[in-house]
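Participant: Pasting upload_11.tsv here (TSV, C-alpha atoms):
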chain	number	residue	atom	x	y	z
S	1	MET	CA	106.15	143.86	-176.86
S	2	GLU	CA	107.81	146.84	-175.20
S	3	PRO	CA	107.13	149.05	-172.16
S	4	LEU	CA	104.43	151.61	-172.94
S	5	ALA	CA	103.37	152.94	-169.55
S	6	VAL	CA	104.51	152.79	-165.94
S	7	VAL	CA	102.68	153.06	-162.66
S	8	THR	CA	104.57	155.07	-160.08
S	9	ARG	CA	104.29	155.30	-156.33
S	10	ASP	CA	106.07	158.22	-154.65
S	11	GLY	CA	108.22	158.62	-157.76
S	12	TYR	CA	109.27	154.95	-158.02
S	13	VAL	CA	108.19	152.46	-160.67
S	14	GLU	CA	105.75	150.00	-159.15
S	15	SER	CA	104.30	148.35	-162.29
S	16	ILE	CA	105.05	148.33	-166.02
S	17	HIS	CA	102.48	147.90	-168.79
S	18	TYR	CA	103.87	146.38	-172.01
S	19	GLY	CA	102.24	146.53	-175.39
S	20	TYR	CA	102.22	147.35	-179.08
S	21	ILE	CA	101.64	150.48	-181.16
S	22	CYS	CA	101.34	150.75	-184.93
S	23	VAL	CA	100.73	153.87	-187.04
S	24	VAL	CA	99.97	153.41	-190.73
S	25	ASP	CA	98.75	155.46	-193.68
S	26	SER	CA	95.88	154.43	-195.93
S	27	SER	CA	98.21	152.56	-198.29
S	28	GLY	CA	99.24	150.32	-195.41
S	29	GLN	CA	102.73	151.76	-195.03
S	30	VAL	CA	103.89	151.44	-191.44
S	31	LEU	CA	105.10	154.86	-190.31
S	32	TYR	CA	105.84	154.08	-186.67
S	33	ASN	CA	105.65	150.95	-184.63
S	34	ILE	CA	106.58	149.60	-181.25
S	35	GLY	CA	106.61	145.84	-180.93
S	36	ASN	CA	105.85	143.33	-183.66
S	37	TYR	CA	102.99	144.80	-185.72
S	38	ASN	CA	102.22	141.40	-187.24
S	39	THR	CA	101.00	140.23	-183.84
S	40	ARG	CA	97.34	139.22	-184.07
S	41	ILE	CA	94.87	140.49	-181.51
S	42	PHE	CA	91.14	140.59	-181.08
S	43	PHE	CA	89.68	143.78	-182.60
S	44	ARG	CA	87.04	143.88	-179.84
S	45	SER	CA	84.75	146.94	-179.65
S	46	ALA	CA	87.23	149.09	-181.55
S	47	ALA	CA	85.77	147.30	-184.59
S	48	LYS	CA	82.35	148.96	-184.24
S	49	PRO	CA	82.96	151.94	-186.59
S	50	ILE	CA	83.95	149.43	-189.29
S	51	GLN	CA	81.18	146.96	-188.48
S	52	VAL	CA	78.50	149.61	-189.06
S	53	ILE	CA	79.69	150.53	-192.56
S	54	PRO	CA	77.63	147.78	-194.30
S	55	LEU	CA	74.48	149.15	-192.66
S	56	ILE	CA	75.05	152.59	-194.17
S	57	GLN	CA	76.38	151.22	-197.45
S	58	SER	CA	73.24	149.12	-197.91
S	59	GLY	CA	70.95	152.15	-197.77
S	60	ALA	CA	69.27	150.96	-194.57
S	61	THR	CA	70.04	154.08	-192.56
S	62	LYS	CA	68.28	156.19	-195.17
S	63	ALA	CA	65.39	153.75	-195.47
S	64	PHE	CA	64.83	153.78	-191.70
S	65	ASN	CA	65.57	157.51	-191.44
S	66	PHE	CA	68.38	157.12	-188.91
S	67	SER	CA	69.80	160.36	-187.56
S	68	LYS	CA	73.53	160.92	-187.10
S	69	LYS	CA	72.96	160.70	-183.36
S	70	GLU	CA	71.49	157.24	-183.86
S	71	ILE	CA	74.31	156.21	-186.17
S	72	ALA	CA	76.79	157.41	-183.54
S	73	ILE	CA	75.40	155.02	-180.95
S	74	THR	CA	75.77	152.10	-183.36
S	75	CYS	CA	79.53	152.79	-183.15
S	76	ALA	CA	79.48	153.12	-179.37
S	77	SER	CA	80.51	151.41	-176.20
S	78	HIS	CA	78.16	153.66	-174.30
S	79	SER	CA	77.86	154.03	-170.55
S	80	GLY	CA	74.14	153.37	-170.29
S	81	GLN	CA	73.01	156.91	-169.54
S	82	LYS	CA	69.41	157.90	-170.19
S	83	ILE	CA	70.32	159.48	-173.55
S	84	HIS	CA	71.89	156.20	-174.67
S	85	GLN	CA	68.93	154.09	-173.58
S	86	GLU	CA	66.47	156.41	-175.31
S	87	THR	CA	68.46	156.51	-178.55
S	88	VAL	CA	68.66	152.72	-178.83
S	89	GLY	CA	64.96	152.57	-178.03
S	90	GLU	CA	64.19	155.00	-180.84
S	91	ILE	CA	66.15	152.86	-183.31
S	92	LEU	CA	64.13	149.81	-182.29
S	93	ARG	CA	60.87	151.75	-182.71
S	94	LYS	CA	61.90	152.67	-186.25
S	95	LEU	CA	62.47	148.97	-186.89
S	96	SER	CA	59.12	148.00	-185.29
S	97	LEU	CA	61.11	145.89	-182.82
S	98	ASN	CA	61.64	146.03	-179.06
S	99	GLU	CA	64.15	145.13	-176.37
S	100	VAL	CA	63.30	141.43	-176.61
S	101	ASN	CA	64.91	141.45	-180.06
S	102	LEU	CA	68.27	142.64	-178.68
S	103	HIS	CA	70.60	139.72	-177.99
S	104	CYS	CA	73.44	141.74	-176.46
S	105	GLY	CA	72.76	140.65	-172.89
S	106	ILE	CA	72.40	142.71	-169.75
S	107	MET	CA	75.24	144.42	-167.91
S	108	THR	CA	75.75	146.92	-165.13
S	109	PRO	CA	76.00	150.35	-166.79
S	110	TYR	CA	79.42	151.98	-166.96
S	111	SER	CA	77.80	155.21	-165.79
S	112	GLU	CA	78.27	155.38	-162.02
S	113	GLU	CA	75.41	157.85	-161.75
S	114	GLU	CA	73.01	155.57	-163.63
S	115	ASN	CA	74.12	152.55	-161.62
S	116	LYS	CA	73.50	154.41	-158.36
S	117	ARG	CA	70.06	155.42	-159.63
S	118	LEU	CA	69.15	151.82	-160.38
S	119	ILE	CA	70.26	150.70	-156.93
S	120	SER	CA	68.48	153.52	-155.12
S	121	GLU	CA	65.23	152.81	-156.99
S	122	GLY	CA	65.52	149.06	-156.58
S	123	GLN	CA	65.69	148.48	-160.32
S	124	SER	CA	67.76	146.02	-162.37
S	125	PRO	CA	69.70	146.92	-165.52
S	126	SER	CA	68.16	146.16	-168.89
S	127	VAL	CA	69.54	145.39	-172.34
S	128	PHE	CA	69.46	149.14	-172.99
S	129	HIS	CA	72.22	149.56	-170.39
S	130	CYS	CA	74.48	147.17	-172.29
S	131	SER	CA	77.34	149.10	-173.87
S	132	CYS	CA	76.88	147.17	-177.12
S	133	SER	CA	73.13	147.67	-177.52
S	134	GLY	CA	73.71	150.27	-180.24
S	135	LYS	CA	75.83	147.90	-182.30
S	136	HIS	CA	73.22	145.18	-181.92
S	137	SER	CA	70.44	147.54	-183.01
S	138	ALA	CA	72.48	148.24	-186.16
S	139	MET	CA	72.82	144.53	-186.87
S	140	LEU	CA	69.08	144.11	-186.40
S	141	ALA	CA	68.48	146.98	-188.82
S	142	LEU	CA	70.69	145.42	-191.49
S	143	ALA	CA	69.02	142.03	-191.05
S	144	LYS	CA	65.55	143.55	-191.35
S	145	PHE	CA	66.52	145.69	-194.36
S	146	ARG	CA	68.04	142.69	-196.15
S	147	GLY	CA	65.06	140.46	-195.30
S	148	HIS	CA	67.15	138.07	-193.22
S	149	SER	CA	66.21	136.52	-189.89
S	150	THR	CA	66.32	138.82	-186.88
S	151	ASP	CA	66.18	135.82	-184.55
S	152	ASP	CA	69.83	134.88	-185.05
S	153	TYR	CA	71.26	138.14	-186.40
S	154	GLU	CA	74.33	137.85	-184.14
S	155	LYS	CA	75.36	134.41	-185.43
S	156	MET	CA	78.02	133.94	-188.11
S	157	SER	CA	75.53	131.78	-190.00
S	158	ASN	CA	73.37	134.86	-190.62
S	159	PRO	CA	74.14	136.51	-193.98
S	160	ILE	CA	74.52	139.94	-192.38
S	161	GLN	CA	77.50	138.72	-190.35
S	162	GLN	CA	79.07	137.48	-193.57
S	163	GLU	CA	78.45	140.93	-195.07
S	164	ILE	CA	80.13	142.59	-192.08
S	165	LEU	CA	83.06	140.17	-192.27
S	166	ASN	CA	83.51	140.99	-195.97
S	167	THR	CA	83.81	144.67	-195.06
S	168	ILE	CA	86.33	143.91	-192.31
S	169	ALA	CA	88.39	141.91	-194.80
S	170	GLU	CA	88.25	144.68	-197.39
S	171	PHE	CA	89.25	147.44	-194.99
S	172	THR	CA	92.13	145.38	-193.58
S	173	ASP	CA	93.42	143.82	-196.83
S	174	GLU	CA	93.02	140.38	-195.28
S	175	ASP	CA	91.76	137.22	-196.95
S	176	ILE	CA	88.28	136.66	-195.56
S	177	HIS	CA	89.06	132.96	-195.10
S	178	SER	CA	92.17	133.69	-193.02
S	179	ILE	CA	90.43	135.75	-190.33
S	180	PRO	CA	89.79	133.72	-187.16
S	181	ILE	CA	86.45	134.49	-185.54
S	182	GLY	CA	85.78	134.67	-181.82
S	183	THR	CA	82.80	135.68	-179.72
S	184	ASP	CA	82.72	139.17	-178.24
S	185	GLY	CA	81.44	139.98	-174.76
S	186	CYS	CA	78.03	140.84	-176.21
S	187	GLY	CA	77.73	137.54	-178.10
S	188	ALA	CA	78.41	138.95	-181.57
S	189	PRO	CA	81.35	137.79	-183.72
S	190	ILE	CA	84.72	139.46	-183.36
S	191	TYR	CA	87.88	139.05	-185.40
S	192	ILE	CA	91.56	138.31	-184.79
S	193	LEU	CA	93.75	140.49	-187.01
S	194	PRO	CA	97.34	141.76	-187.19
S	195	ILE	CA	97.81	145.05	-185.35
S	196	ASN	CA	98.93	146.89	-188.49
S	197	LYS	CA	95.84	145.70	-190.37
S	198	ILE	CA	93.55	146.96	-187.62
S	199	ALA	CA	95.31	150.32	-187.86
S	200	LEU	CA	94.85	150.17	-191.64
S	201	SER	CA	91.07	149.84	-191.31
S	202	TYR	CA	90.95	153.19	-189.49
S	203	ALA	CA	93.28	154.83	-191.99
S	204	ARG	CA	91.03	153.58	-194.78
S	205	LEU	CA	87.93	154.87	-193.00
S	206	VAL	CA	89.25	158.44	-192.78
S	207	ALA	CA	90.68	158.27	-196.30
S	208	HIS	CA	87.37	157.15	-197.81
S	209	ALA	CA	85.57	159.81	-195.77
S	210	GLN	CA	87.68	162.52	-197.42
S	211	ASN	CA	87.57	161.13	-200.96
S	212	SER	CA	84.31	162.04	-202.68
S	213	LYS	CA	85.09	159.63	-205.53
S	214	SER	CA	85.36	156.59	-203.26
S	215	PRO	CA	82.43	154.15	-203.28
S	216	TYR	CA	82.70	154.20	-199.49
S	217	SER	CA	82.82	158.00	-199.24
S	218	TYR	CA	79.28	158.53	-197.97
S	219	SER	CA	79.35	155.64	-195.50
S	220	CYS	CA	82.73	156.51	-194.01
S	221	LYS	CA	82.02	160.23	-193.86
S	222	THR	CA	78.74	159.46	-192.13
S	223	VAL	CA	80.54	157.36	-189.51
S	224	PHE	CA	83.22	160.01	-188.99
S	225	ASP	CA	80.73	162.87	-188.78
S	226	ALA	CA	78.37	160.97	-186.48
S	227	MET	CA	81.15	160.11	-184.04
S	228	THR	CA	82.70	163.59	-183.99
S	229	GLN	CA	79.43	165.54	-183.95
S	230	PHE	CA	77.89	163.36	-181.21
S	231	PRO	CA	80.86	162.22	-179.12
S	232	GLU	CA	78.66	161.92	-176.03
S	233	MET	CA	76.97	158.95	-177.71
S	234	ILE	CA	80.23	157.03	-178.21
S	235	ALA	CA	81.03	156.63	-174.51
S	236	GLY	CA	79.34	159.16	-172.24
S	237	ASP	CA	80.00	161.82	-169.64
S	238	TYR	CA	83.55	161.87	-168.25
S	239	LYS	CA	84.65	159.02	-170.56
S	240	PHE	CA	87.85	159.20	-172.59
S	241	CYS	CA	86.52	158.59	-176.13
S	242	THR	CA	83.91	161.29	-175.65
S	243	GLU	CA	86.37	163.80	-174.19
S	244	LEU	CA	89.00	163.11	-176.86
S	245	MET	CA	86.63	163.73	-179.77
S	246	ARG	CA	84.95	166.66	-178.06
S	247	VAL	CA	88.29	168.41	-177.45
S	248	THR	CA	89.79	167.71	-180.88
S	249	GLU	CA	86.67	168.92	-182.74
S	250	GLY	CA	86.68	166.84	-185.90
S	251	LYS	CA	90.38	166.05	-186.23
S	252	LEU	CA	89.99	162.37	-185.44
S	253	ILE	CA	87.88	159.51	-184.23
S	254	GLY	CA	88.91	157.34	-181.32
S	255	LYS	CA	87.41	154.09	-180.08
S	256	VAL	CA	88.32	151.84	-177.19
S	257	GLY	CA	87.91	148.08	-177.14
S	258	CYS	CA	87.89	145.71	-174.18
S	259	GLU	CA	91.19	144.22	-173.03
S	260	ALA	CA	92.96	147.54	-173.61
S	261	VAL	CA	92.68	147.96	-177.38
S	262	TYR	CA	92.49	151.49	-178.77
S	263	CYS	CA	92.17	152.72	-182.35
S	264	LEU	CA	92.41	156.16	-183.91
S	265	GLY	CA	91.52	157.47	-187.35
S	266	ILE	CA	93.26	160.80	-187.96
S	267	LYS	CA	92.19	163.04	-190.84
S	268	GLU	CA	95.56	164.76	-191.29
S	269	GLY	CA	97.59	162.34	-193.39
S	270	ASN	CA	94.81	159.71	-193.37
S	271	LEU	CA	96.46	157.91	-190.48
S	272	GLY	CA	95.31	154.85	-188.57
S	273	VAL	CA	96.60	153.85	-185.16
S	274	CYS	CA	96.20	150.65	-183.19
S	275	ILE	CA	97.36	150.32	-179.58
S	276	LYS	CA	97.23	147.17	-177.48
S	277	ILE	CA	98.22	146.88	-173.82
S	278	VAL	CA	99.19	143.25	-173.43
S	279	ASP	CA	97.89	142.70	-169.90
S	280	GLY	CA	94.48	144.05	-170.92
S	281	ASN	CA	94.45	146.81	-168.30
S	282	GLU	CA	92.61	149.82	-169.72
S	283	ARG	CA	94.18	152.21	-167.21
S	284	ALA	CA	97.37	152.25	-169.31
S	285	VAL	CA	95.66	152.96	-172.64
S	286	TYR	CA	94.77	156.61	-172.28
S	287	PRO	CA	98.21	158.02	-171.36
S	288	VAL	CA	99.58	156.06	-174.33
S	289	VAL	CA	96.97	157.48	-176.72
S	290	ILE	CA	97.78	161.04	-175.67
S	291	GLN	CA	101.53	160.42	-176.06
S	292	VAL	CA	101.02	159.06	-179.59
S	293	LEU	CA	98.94	162.09	-180.57
S	294	ARG	CA	101.53	164.46	-179.07
S	295	GLU	CA	104.36	162.85	-181.00
S	296	LEU	CA	102.37	162.89	-184.24
S	297	GLY	CA	101.80	166.63	-183.75
S	298	ILE	CA	98.03	166.26	-183.76
S	299	LEU	CA	97.22	168.01	-180.49
S	300	SER	CA	97.46	171.75	-180.02
S	301	THR	CA	98.73	173.05	-176.69
S	302	THR	CA	95.18	173.93	-175.68
S	303	GLU	CA	93.90	170.46	-176.63
S	304	PHE	CA	96.73	168.75	-174.77
S	305	ASN	CA	96.12	170.81	-171.65
S	306	SER	CA	92.42	169.88	-171.74
S	307	LEU	CA	93.34	166.20	-171.95
S	308	LYS	CA	96.24	166.29	-169.51
S	309	PRO	CA	94.36	164.55	-166.67
S	310	TRP	CA	94.22	161.48	-168.94
S	311	TYR	CA	97.91	161.80	-169.80
S	312	ARG	CA	99.16	161.73	-166.23
S	313	GLN	CA	96.47	159.86	-164.36
S	314	ALA	CA	96.78	160.51	-160.66
S	315	LEU	CA	96.58	157.59	-158.24
S	316	HIS	CA	95.06	158.17	-154.81
S	317	ASN	CA	95.27	156.26	-151.58
S	318	ASN	CA	92.35	155.57	-149.25
S	319	ILE	CA	92.54	159.04	-147.69
S	320	SER	CA	92.50	160.80	-151.09
S	321	GLU	CA	96.19	161.68	-151.17
S	322	ILE	CA	97.93	161.58	-154.57
S	323	ILE	CA	100.64	158.94	-154.21
S	324	GLY	CA	101.52	158.18	-157.82
S	325	GLU	CA	100.68	158.39	-161.50
S	326	ILE	CA	100.15	156.30	-164.61
S	327	VAL	CA	102.41	157.81	-167.28
S	328	PRO	CA	103.65	156.90	-170.78
S	329	ALA	CA	107.13	155.40	-170.99
S	330	PHE	CA	107.95	155.34	-174.70
S	331	SER	CA	108.69	157.43	-177.75
S	332	LEU	CA	107.56	156.63	-181.28
S	333	LYS	CA	110.60	158.37	-182.70
S	334	SER	CA	113.38	156.79	-180.67
S	335	PRO	CA	114.06	153.33	-179.23
S	336	SER	CA	112.14	152.54	-176.08
S	337	ASP	CA	113.94	152.39	-172.77
S	338	ASN	CA	114.02	148.64	-172.25
S	339	HIS	CA	115.96	149.13	-169.01
S	340	LEU	CA	112.93	150.14	-167.01
S	341	SER	CA	112.74	148.08	-163.86
S	342	LEU	CA	110.58	147.94	-160.78
S	343	GLY	CA	111.63	150.07	-157.86
S	344	THR	CA	113.64	152.61	-159.88
S	345	ARG	CA	113.04	156.34	-159.89
S	346	TYR	CA	111.01	157.53	-162.89
S	347	GLU	CA	110.85	161.12	-164.06
S	348	LEU	CA	108.60	162.27	-166.94
S	349	ASN	CA	109.16	165.58	-168.68
S	350	SER	CA	105.84	167.39	-169.08
Kindly transcribe the structure held in the file into structure tokens.
Facilitator:
Amino acid sequence: MEPLAVVTRDGYVESIHYGYICVVDSSGQVLYNIGNYNTRIFFRSAAKPIQVIPLIQSGATKAFNFSKKEIAITCASHSGQKIHQETVGEILRKLSLNEVNLHCGIMTPYSEEENKRLISEGQSPSVFHCSCSGKHSAMLALAKFRGHSTDDYEKMSNPIQQEILNTIAEFTDEDIHSIPIGTDGCGAPIYILPINKIALSYARLVAHAQNSKSPYSYSCKTVFDAMTQFPEMIAGDYKFCTELMRVTEGKLIGKVGCEAVYCLGIKEGNLGVCIKIVDGNERAVYPVVIQVLRELGILSTTEFNSLKPWYRQALHNNISEIIGEIVPAFSLKSPSDNHLSLGTRYELNS
């Protein structure tokens, strides 16, 4: 692992976030990397755009008449806003199911506004507030379409989870029997994979989406189009994934995962990117994502300026004074500065 971002206070380095970056093309060739790209990590929620492919591939989304907006939320880690709750509810209605069938658990919504509303009205969160409720509704849909049990759809013993795992293996060029399985925060299976293979799955997704002759063309294009046409469904208001896809207008998809995982699928060059901040702190992810996109030449000046608040994230003290920043501390195209140390001055060229 190498330094990827620093936290400054009054111009001095206070903390350093280490991690890994890997950029690959759809053939699996590693174009850029920082750290050992064979390191295995949990895919976490960044896996959702790949996990939903079997649902579309099966024909279930057509059979249940899912809209692109509804498909978008199956790829989401949404913030629990009203639009997210209603969209998951509409999916369940199309399946003739209800919230009792969702096994994703209940969590406080990421949306501060929605959380304040719940508190002020004396209400408790529901499964619809869970950021993974869209993914779980997709798994329910696949189970119902295939005629499998919806009572244990989230268990690896259910055939739909085997179907999803097969897709993960195919998109990552991994032997299905060599992929360790863990349990995600929502109770569904999640996979441990090498960083470069996670990046490959996103490169494959955008490559299939642009290749009309691919057997995965329709499914992958549907995922890409759903995410980019309805970015507000992927995260929500004022959230990074939403803002990134809204600003870049169809150039890429981006998806965060818990414990500071981030993946990108970039149309130009059919590129896949996987980023992992080792300490799991999400605050370091977004400046790193923007730096990667800048160095790859993906962002226009206008796009970069729109995203700049995420690139140099201001830190405030208790009286709202700006006292520092979180900033990237690496370059893809030259060796990283491994001499960074706490308490030293740090200057970043804009």
Participant: Leaving out Ala60 in chain S and any residue of its chain fewer than 5 positions from it, which residues lie within 9 Å of it when counting all atoms listed in the file, given as a ChimeraX atom specification?
Facilitator: /S:54-55,65-66,141-142,144-146
Participant: Of the candidates S:Gly272, S:Gly182, S:Gly89, S:Gly122, which one gets nearest to Tyr32 in chain S if we count all atoms listed in the file?
Facilitator: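 Using all atoms listed in the file, the shortest distance to Tyr32 in chain S belongs to S:Gly272.
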Participant: Applying 12 Å and all atoms listed in the file, which residues near range 247-249 of chain S remain after dropping the ones on its own chain fewer than 2 positions away? List them as a ChimeraX atom specification.
Facilitator: /S:224-225,227-232,240-245,251-254,266-267,290,293,298-308
Participant: For C-alpha atoms, I'd like the residues from the last selection saved as a PDB file, keeping the file's coordinate frame.
Facilitator:
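What ended up in again.pdb:
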ATOM      1  CA  PHE S 224      83.220 160.010-188.990  1.00  0.00           C
ATOM      2  CA  ASP S 225      80.730 162.870-188.780  1.00  0.00           C
ATOM      3  CA  MET S 227      81.150 160.110-184.040  1.00  0.00           C
ATOM      4  CA  THR S 228      82.700 163.590-183.990  1.00  0.00           C
ATOM      5  CA  GLN S 229      79.430 165.540-183.950  1.00  0.00           C
ATOM      6  CA  PHE S 230      77.890 163.360-181.210  1.00  0.00           C
ATOM      7  CA  PRO S 231      80.860 162.220-179.120  1.00  0.00           C
ATOM      8  CA  GLU S 232      78.660 161.920-176.030  1.00  0.00           C
ATOM      9  CA  PHE S 240      87.850 159.200-172.590  1.00  0.00           C
ATOM     10  CA  CYS S 241      86.520 158.590-176.130  1.00  0.00           C
ATOM     11  CA  THR S 242      83.910 161.290-175.650  1.00  0.00           C
ATOM     12  CA  GLU S 243      86.370 163.800-174.190  1.00  0.00           C
ATOM     13  CA  LEU S 244      89.000 163.110-176.860  1.00  0.00           C
ATOM     14  CA  MET S 245      86.630 163.730-179.770  1.00  0.00           C
ATOM     15  CA  LYS S 251      90.380 166.050-186.230  1.00  0.00           C
ATOM     16  CA  LEU S 252      89.990 162.370-185.440  1.00  0.00           C
ATOM     17  CA  ILE S 253      87.880 159.510-184.230  1.00  0.00           C
ATOM     18  CA  GLY S 254      88.910 157.340-181.320  1.00  0.00           C
ATOM     19  CA  ILE S 266      93.260 160.800-187.960  1.00  0.00           C
ATOM     20  CA  LYS S 267      92.190 163.040-190.840  1.00  0.00           C
ATOM     21  CA  ILE S 290      97.780 161.040-175.670  1.00  0.00           C
ATOM     22  CA  LEU S 293      98.940 162.090-180.570  1.00  0.00           C
ATOM     23  CA  ILE S 298      98.030 166.260-183.760  1.00  0.00           C
ATOM     24  CA  LEU S 299      97.220 168.010-180.490  1.00  0.00           C
ATOM     25  CA  SER S 300      97.460 171.750-180.020  1.00  0.00           C
ATOM     26  CA  THR S 301      98.730 173.050-176.690  1.00  0.00           C
ATOM     27  CA  THR S 302      95.180 173.930-175.680  1.00  0.00           C
ATOM     28  CA  GLU S 303      93.900 170.460-176.630  1.00  0.00           C
ATOM     29  CA  PHE S 304      96.730 168.750-174.770  1.00  0.00           C
ATOM     30  CA  ASN S 305      96.120 170.810-171.650  1.00  0.00           C
ATOM     31  CA  SER S 306      92.420 169.880-171.740  1.00  0.00           C
ATOM     32  CA  LEU S 307      93.340 166.200-171.950  1.00  0.00           C
ATOM     33  CA  LYS S 308      96.240 166.290-169.510  1.00  0.00           C
TER      34      LYS S 308
END
Participant: Would you mind listing what lies within 8 Å of Leu95 in chain S as a PyMOL selection string, with all atoms listed in the file counted and same-chain residues fewer than 2 positions away left out?
Facilitator: chain S and resi 64+91-93+97+141+144
Participant: Expressed in Å to a single decimal, how great is the separation between CA of Pro125 in chain S and CA of Ala138 in chain S?
Facilitator: 20.9 Å
Participant: How far is it from CA of Ile326 in chain S to CA of Ala260 in chain S, in Å with one decimal?
Facilitator: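 Computing the Euclidean distance for CA of Ile326 in chain S and CA of Ala260 in chain S yields 14.5 Å.
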Participant: Report as an mmCIF file with C-alpha atoms, in the frame of the given file all protein, DNA and RNA residues lying within 9 Å of Val292 in chain S, evaluated on only C-alpha atoms, omitting residues in the same chain fewer than 4 positions from it.
Facilitator:
data_model
loop_
_atom_site.group_PDB
_atom_site.id
_atom_site.type_symbol
_atom_site.label_atom_id
_atom_site.label_comp_id
_atom_site.auth_asym_id
_atom_site.auth_seq_id
_atom_site.Cartn_x
_atom_site.Cartn_y
_atom_site.Cartn_z
ATOM 1 C CA ILE S 21 101.640 150.480 -181.160
ATOM 2 C CA VAL S 273 96.600 153.850 -185.160
ATOM 3 C CA PRO S 287 98.210 158.020 -171.360
ATOM 4 C CA VAL S 288 99.580 156.060 -174.330
ATOM 5 C CA LEU S 296 102.370 162.890 -184.240
ATOM 6 C CA GLY S 297 101.800 166.630 -183.750
ATOM 7 C CA ILE S 298 98.030 166.260 -183.760
ATOM 8 C CA SER S 331 108.690 157.430 -177.750
ATOM 9 C CA LEU S 332 107.560 156.630 -181.280
#
Participant: Calculate how many Å separate CA of Leu271 in chain S from CA of Thr172 in chain S, rounding to one decimal.
Facilitator: 13.6 Å
Participant: Find, counting only C-alpha atoms, the residue in S:Gln51, S:Ile195, S:Tyr216, S:Ala209 that gets nearest to Ile160 in chain S.
Facilitator: S:Gln51
Participant: Give me the residues near range 22-25 of chain S as a PDB file with C-alpha atoms, in the coordinates of the input, where near means some atom within 8 Å (using all atoms listed in the file) and where sequence neighbours in that chain fewer than 3 positions away do not count.
Facilitator:
ATOM      1  CA  GLY S  28      99.240 150.320-195.410  1.00  0.00           C
ATOM      2  CA  GLN S  29     102.730 151.760-195.030  1.00  0.00           C
ATOM      3  CA  VAL S  30     103.890 151.440-191.440  1.00  0.00           C
ATOM      4  CA  LEU S  31     105.100 154.860-190.310  1.00  0.00           C
ATOM      5  CA  TYR S  32     105.840 154.080-186.670  1.00  0.00           C
ATOM      6  CA  ASN S  33     105.650 150.950-184.630  1.00  0.00           C
ATOM      7  CA  ILE S  34     106.580 149.600-181.250  1.00  0.00           C
ATOM      8  CA  TYR S  37     102.990 144.800-185.720  1.00  0.00           C
ATOM      9  CA  ILE S 195      97.810 145.050-185.350  1.00  0.00           C
ATOM     10  CA  ASN S 196      98.930 146.890-188.490  1.00  0.00           C
ATOM     11  CA  ALA S 199      95.310 150.320-187.860  1.00  0.00           C
ATOM     12  CA  LEU S 200      94.850 150.170-191.640  1.00  0.00           C
ATOM     13  CA  ALA S 203      93.280 154.830-191.990  1.00  0.00           C
ATOM     14  CA  GLY S 269      97.590 162.340-193.390  1.00  0.00           C
ATOM     15  CA  ASN S 270      94.810 159.710-193.370  1.00  0.00           C
ATOM     16  CA  LEU S 271      96.460 157.910-190.480  1.00  0.00           C
ATOM     17  CA  GLY S 272      95.310 154.850-188.570  1.00  0.00           C
ATOM     18  CA  VAL S 273      96.600 153.850-185.160  1.00  0.00           C
ATOM     19  CA  CYS S 274      96.200 150.650-183.190  1.00  0.00           C
ATOM     20  CA  ILE S 275      97.360 150.320-179.580  1.00  0.00           C
TER      21      ILE S 275
END
Participant: Which residue out of S:Asn166, S:Thr183, S:Gln210, S:Ser137 has the minimum interatomic distance to Phe42 in chain S when all atoms listed in the file are used?
Facilitator: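 Going through S:Asn166, S:Thr183, S:Gln210, S:Ser137 one by one, the smallest distance to Phe42 in chain S is for S:Thr183.
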Participant: Around (68.0, 142.8, -176.1), as given in the file, which residues come within 10 Å? Count all atoms listed in the file and list them as a PDB file with C-alpha atoms, keeping the file's coordinate frame.
Facilitator:
ATOM      1  CA  ASN S  98      61.640 146.030-179.060  1.00  0.00           C
ATOM      2  CA  GLU S  99      64.150 145.130-176.370  1.00  0.00           C
ATOM      3  CA  VAL S 100      63.300 141.430-176.610  1.00  0.00           C
ATOM      4  CA  ASN S 101      64.910 141.450-180.060  1.00  0.00           C
ATOM      5  CA  LEU S 102      68.270 142.640-178.680  1.00  0.00           C
ATOM      6  CA  HIS S 103      70.600 139.720-177.990  1.00  0.00           C
ATOM      7  CA  CYS S 104      73.440 141.740-176.460  1.00  0.00           C
ATOM      8  CA  GLY S 105      72.760 140.650-172.890  1.00  0.00           C
ATOM      9  CA  ILE S 106      72.400 142.710-169.750  1.00  0.00           C
ATOM     10  CA  SER S 126      68.160 146.160-168.890  1.00  0.00           C
ATOM     11  CA  VAL S 127      69.540 145.390-172.340  1.00  0.00           C
ATOM     12  CA  PHE S 128      69.460 149.140-172.990  1.00  0.00           C
ATOM     13  CA  HIS S 129      72.220 149.560-170.390  1.00  0.00           C
ATOM     14  CA  CYS S 130      74.480 147.170-172.290  1.00  0.00           C
ATOM     15  CA  CYS S 132      76.880 147.170-177.120  1.00  0.00           C
ATOM     16  CA  SER S 133      73.130 147.670-177.520  1.00  0.00           C
ATOM     17  CA  HIS S 136      73.220 145.180-181.920  1.00  0.00           C
ATOM     18  CA  SER S 137      70.440 147.540-183.010  1.00  0.00           C
TER      19      SER S 137
END
Participant: I'd like to know which of S:Arg246, S:His316, S:Ala226, S:Ile56 is closest to Lys69 in chain S, using only C-alpha atoms.
Facilitator: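 When distances to Lys69 in chain S are compared using only C-alpha atoms, the smallest one comes from S:Ala226.
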Participant: May I have the residues at most 9 Å from (91.2, 147.8, -191.3) in the file's coordinates, counting only C-alpha atoms, as a ChimeraX atom specification?
Facilitator: /S:47,50,167-174,193,196-205,272
Participant: Could you check which of S:His17, S:Lys333, S:Arg283, S:His148 is closest to Ala314 in chain S, using all atoms listed in the file?
Facilitator: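 Closest residue, counting all atoms listed in the file: S:Arg283.
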Participant: Let me make sure I understand: among S:Val285, S:Cys75, S:Cys186, S:Leu340, which one has the smallest atom-to-atom distance to Val261 in chain S if we use all atoms listed in the file?
Facilitator: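 Selected residue with least distance to Val261 in chain S: S:Val285.
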